[in-house]
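This report refers to the structure that appears directly beneath it.
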Amino acid sequence: MSGEIIKPRGRDAVSAQPGDAVPQAGTSTSEDIAAFVANARALSPHAPGAKGRLIFALDATMSRQPTWDMACALQADMFRETAALGSLDIRLVYYRGFDECRATGWISDSARLAALMSKIDCRGGDTQIGKVLSEARREAVASGVRAVVFVGDAMEENVDQLCAKAGELGMLKVPVFVFQEGHDAVAEKAFREIARLTGGAWCRFNPGAAAQLRELLRAAAAYAAGGREALLQLAKTASGAARLIGQMK
């Protein structure tokens, strides 16, 4: 699939091009949940030889420009980390402005991802983490997702609704690695719970700390490409991987 941005396919869908948006999700029935779990298992994203797929989600609201620029520079490390483990595809998801949440297609080249990210500027607006989680669930069922990375510093949504969406990802065995910049207590409480419910991990990094974020992104990429065993191996030499594996169920 190309790296161009695409439009949503429903209230919860995320756009796959820099100009497309992600709609709000509706309420899932028990039948819906059973269906997406069955479909996701059939896809077997964790099976040997399966392509590693990682959703890389970023808060692109106004205050986030320095971190966006830093992430743009660091994303190549995720591809490098997985070179020896197998292929890695990354789907960028971001939100900004008024009700704008978009995504790229699956990208397997760091230069292509960097080019797309360089065209996106941060804009003022509220957080839209619920749309990110809904998109992750939709994509997990549609094509298989091994992990989700979310980088942000705030949470302005209903935490119970976010936890419900996180629980669905947990049923699909798609861990969310939440990397929080700064010390916002409200965000931390929500982020920790999202990580717990999905079987993922929550880690804090200091504002502007490129080295800390790099280690966390490398660890998440290793998991997406090679699963738990790859993360365990990396944890022997990398502190970021050790932080993640220490929290995962």
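Ordering of the structure tokens sets the chain letters (A, B, ...), residue numbers begin anew at 1 in every chain, and ligands are numbered from 1 in the order given.
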Residues within 12 Å of Val159 of chain A, only C-alpha atoms, excluding chain neighbours under 4 positions, as a compact mmCIF listing (two decimals) with all heavy atoms, in the first residue's frame:
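Output file out.txt follows:
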```txt
# COMPACT_ATOMS: atom_id res chain seq x y z
N THR A 127 -7.15 16.58 22.52
CA THR A 127 -6.66 15.23 22.24
C THR A 127 -7.77 14.38 21.61
O THR A 127 -8.96 14.61 21.85
CB THR A 127 -6.16 14.53 23.51
OG1 THR A 127 -7.24 14.33 24.42
CG2 THR A 127 -5.07 15.36 24.18
N GLN A 128 -7.38 13.40 20.81
CA GLN A 128 -8.32 12.49 20.15
C GLN A 128 -7.78 11.06 20.23
O GLN A 128 -7.75 10.32 19.25
CB GLN A 128 -8.53 12.91 18.69
CG GLN A 128 -9.08 14.31 18.52
CD GLN A 128 -9.20 14.71 17.06
OE1 GLN A 128 -9.90 14.06 16.28
NE2 GLN A 128 -8.51 15.77 16.68
N ILE A 129 -7.40 10.68 21.43
CA ILE A 129 -6.81 9.36 21.64
C ILE A 129 -7.81 8.25 21.35
O ILE A 129 -7.45 7.18 20.87
CB ILE A 129 -6.27 9.25 23.08
CG1 ILE A 129 -5.23 10.36 23.32
CG2 ILE A 129 -5.67 7.88 23.35
CD1 ILE A 129 -4.87 10.56 24.77
N GLY A 130 -9.09 8.51 21.62
CA GLY A 130 -10.11 7.50 21.34
C GLY A 130 -10.12 7.11 19.88
O GLY A 130 -10.30 5.93 19.53
N ALA A 154 -0.77 14.69 27.03
CA ALA A 154 -2.02 15.14 27.64
C ALA A 154 -3.16 14.19 27.29
O ALA A 154 -3.08 13.42 26.32
CB ALA A 154 -2.36 16.55 27.18
N MET A 155 -4.24 14.26 28.10
CA MET A 155 -5.44 13.48 27.85
C MET A 155 -6.63 14.33 28.28
O MET A 155 -6.73 14.72 29.43
CB MET A 155 -5.39 12.17 28.64
CG MET A 155 -6.46 11.14 28.26
SD MET A 155 -8.16 11.54 28.77
CE MET A 155 -8.00 11.51 30.56
N CYS A 163 -10.71 3.47 28.08
CA CYS A 163 -10.39 2.16 28.64
C CYS A 163 -11.20 1.06 27.96
O CYS A 163 -10.71 -0.07 27.78
CB CYS A 163 -10.64 2.15 30.15
SG CYS A 163 -9.41 3.11 31.07
N ALA A 164 -12.44 1.36 27.58
CA ALA A 164 -13.25 0.37 26.87
C ALA A 164 -12.60 0.02 25.53
O ALA A 164 -12.53 -1.15 25.14
CB ALA A 164 -14.67 0.90 26.66
N LYS A 165 -12.12 1.02 24.83
CA LYS A 165 -11.45 0.79 23.55
C LYS A 165 -10.14 0.03 23.77
O LYS A 165 -9.77 -0.86 22.99
CB LYS A 165 -11.18 2.12 22.84
CG LYS A 165 -12.44 2.87 22.43
CD LYS A 165 -12.10 4.23 21.83
CE LYS A 165 -13.34 5.07 21.57
NZ LYS A 165 -14.19 4.50 20.54
N ALA A 166 -9.42 0.40 24.82
CA ALA A 166 -8.17 -0.30 25.12
C ALA A 166 -8.43 -1.76 25.45
O ALA A 166 -7.66 -2.65 25.05
CB ALA A 166 -7.47 0.38 26.30
N VAL A 186 -3.03 13.65 35.20
CA VAL A 186 -4.26 13.12 34.60
C VAL A 186 -3.92 12.22 33.42
O VAL A 186 -4.46 11.12 33.26
CB VAL A 186 -5.18 14.27 34.15
CG1 VAL A 186 -6.37 13.73 33.37
CG2 VAL A 186 -5.65 15.07 35.36
N ALA A 187 -3.00 12.68 32.59
CA ALA A 187 -2.59 11.88 31.45
C ALA A 187 -1.92 10.59 31.91
O ALA A 187 -2.20 9.51 31.37
CB ALA A 187 -1.62 12.67 30.57
N GLU A 188 -1.08 10.68 32.90
CA GLU A 188 -0.38 9.49 33.37
C GLU A 188 -1.35 8.41 33.85
O GLU A 188 -1.19 7.22 33.53
CB GLU A 188 0.58 9.84 34.51
CG GLU A 188 1.29 8.63 35.08
CD GLU A 188 2.29 8.98 36.17
OE1 GLU A 188 2.72 10.15 36.23
OE2 GLU A 188 2.64 8.07 36.95
N LYS A 189 -2.36 8.80 34.59
CA LYS A 189 -3.32 7.82 35.09
C LYS A 189 -4.02 7.10 33.94
O LYS A 189 -4.16 5.87 33.95
CB LYS A 189 -4.36 8.52 35.97
CG LYS A 189 -5.36 7.57 36.62
CD LYS A 189 -6.30 8.32 37.56
CE LYS A 189 -7.28 7.36 38.23
NZ LYS A 189 -8.19 8.09 39.17
N ALA A 190 -4.44 7.86 32.93
CA ALA A 190 -5.12 7.26 31.78
C ALA A 190 -4.15 6.41 30.95
O ALA A 190 -4.48 5.30 30.52
CB ALA A 190 -5.73 8.35 30.91
N PHE A 191 -2.95 6.93 30.72
CA PHE A 191 -1.98 6.22 29.89
C PHE A 191 -1.57 4.90 30.53
O PHE A 191 -1.42 3.88 29.85
CB PHE A 191 -0.75 7.10 29.68
CG PHE A 191 -0.98 8.31 28.82
CD1 PHE A 191 -0.02 9.32 28.75
CD2 PHE A 191 -2.15 8.47 28.09
CE1 PHE A 191 -0.22 10.43 27.94
CE2 PHE A 191 -2.37 9.59 27.29
CZ PHE A 191 -1.40 10.57 27.21
N ARG A 192 -1.37 4.92 31.84
CA ARG A 192 -1.00 3.67 32.52
C ARG A 192 -2.10 2.62 32.37
O ARG A 192 -1.84 1.43 32.18
CB ARG A 192 -0.76 3.95 34.01
CG ARG A 192 0.59 4.59 34.33
CD ARG A 192 0.73 4.78 35.82
NE ARG A 192 2.00 5.33 36.24
CZ ARG A 192 3.09 4.62 36.48
NH1 ARG A 192 3.05 3.29 36.34
NH2 ARG A 192 4.22 5.20 36.87
N GLU A 193 -3.36 3.06 32.46
CA GLU A 193 -4.47 2.11 32.37
C GLU A 193 -4.61 1.57 30.95
O GLU A 193 -4.91 0.38 30.76
CB GLU A 193 -5.77 2.79 32.83
CG GLU A 193 -6.94 1.84 33.04
CD GLU A 193 -6.73 0.84 34.16
OE1 GLU A 193 -5.66 0.87 34.83
OE2 GLU A 193 -7.61 -0.01 34.37
N ILE A 194 -4.42 2.41 29.95
CA ILE A 194 -4.46 1.94 28.56
C ILE A 194 -3.39 0.87 28.34
O ILE A 194 -3.64 -0.17 27.74
CB ILE A 194 -4.26 3.13 27.60
CG1 ILE A 194 -5.50 4.02 27.60
CG2 ILE A 194 -3.97 2.63 26.17
CD1 ILE A 194 -5.32 5.34 26.88
```
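One finds atom CA of Gln247 of chain A at 11.6 Å from atom CA of Val178 of chain A.
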Please provide as a PDB file with C-alpha atoms, in the first residue's frame all residues within 6 Å of Ala57 of chain A, with the sequence filter that same-chain residues fewer than 5 positions apart are discarded (counting only C-alpha atoms).
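Below you can see selection12.pdb, which holds the result:
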```pdb
ATOM      1  CA  LEU A  92       1.438   6.824  11.068  1.00  0.00           C
ATOM      2  CA  VAL A  93      -1.661   8.118  12.869  1.00  0.00           C
ATOM      3  CA  TYR A  94      -1.893  11.663  14.169  1.00  0.00           C
ATOM      4  CA  VAL A 149       3.025   3.194  19.942  1.00  0.00           C
ATOM      5  CA  PHE A 150       1.450   6.398  21.207  1.00  0.00           C
TER       6      PHE A 150
END
```
Do a neighbour search on Ala241 of chain A at 6 Å with only C-alpha atoms, toss out local chain neighbours closer than 4 positions, and write the hits as a PDB file with N, CA and C atoms, in the first residue's frame.
```pdb
ATOM      1  N   ALA A 219      12.714  -0.296  21.094  1.00  0.00           N
ATOM      2  CA  ALA A 219      12.168  -1.460  21.786  1.00  0.00           C
ATOM      3  C   ALA A 219      10.810  -1.846  21.225  1.00  0.00           C
ATOM      4  N   LEU A 234      16.701  -7.844  23.214  1.00  0.00           N
ATOM      5  CA  LEU A 234      17.127  -6.449  23.245  1.00  0.00           C
ATOM      6  C   LEU A 234      17.248  -5.939  24.674  1.00  0.00           C
ATOM      7  N   ALA A 235      16.406  -6.453  25.565  1.00  0.00           N
ATOM      8  CA  ALA A 235      16.414  -6.006  26.960  1.00  0.00           C
ATOM      9  C   ALA A 235      17.718  -6.336  27.670  1.00  0.00           C
TER      10      ALA A 235
END
```
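For the atom pair formed by atom CA of Tyr95 of chain A and atom CA of Ala83 of chain A, the distance is 28.9 Å, given to one decimal.
Residues in contact range of Lys249 of chain A, defined as at most 9 Å between only C-alpha atoms, with sequence neighbours fewer than 3 positions away removed, read Arg196, Gly199, Gly200, Ile245 and Gly246 of chain A.
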Nearby residues (only C-alpha atoms) at most 10 Å from Met70 of chain A, same-chain spacing under 4 positions excluded, as a PyMOL selection string: chain A and resi 64-66+74-75+208-210+213-214
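Nearest residue to Val176 of chain A among A:Arg80, A:Ser239, A:Val141, A:Phe56 is A:Phe56, counting only C-alpha atoms.
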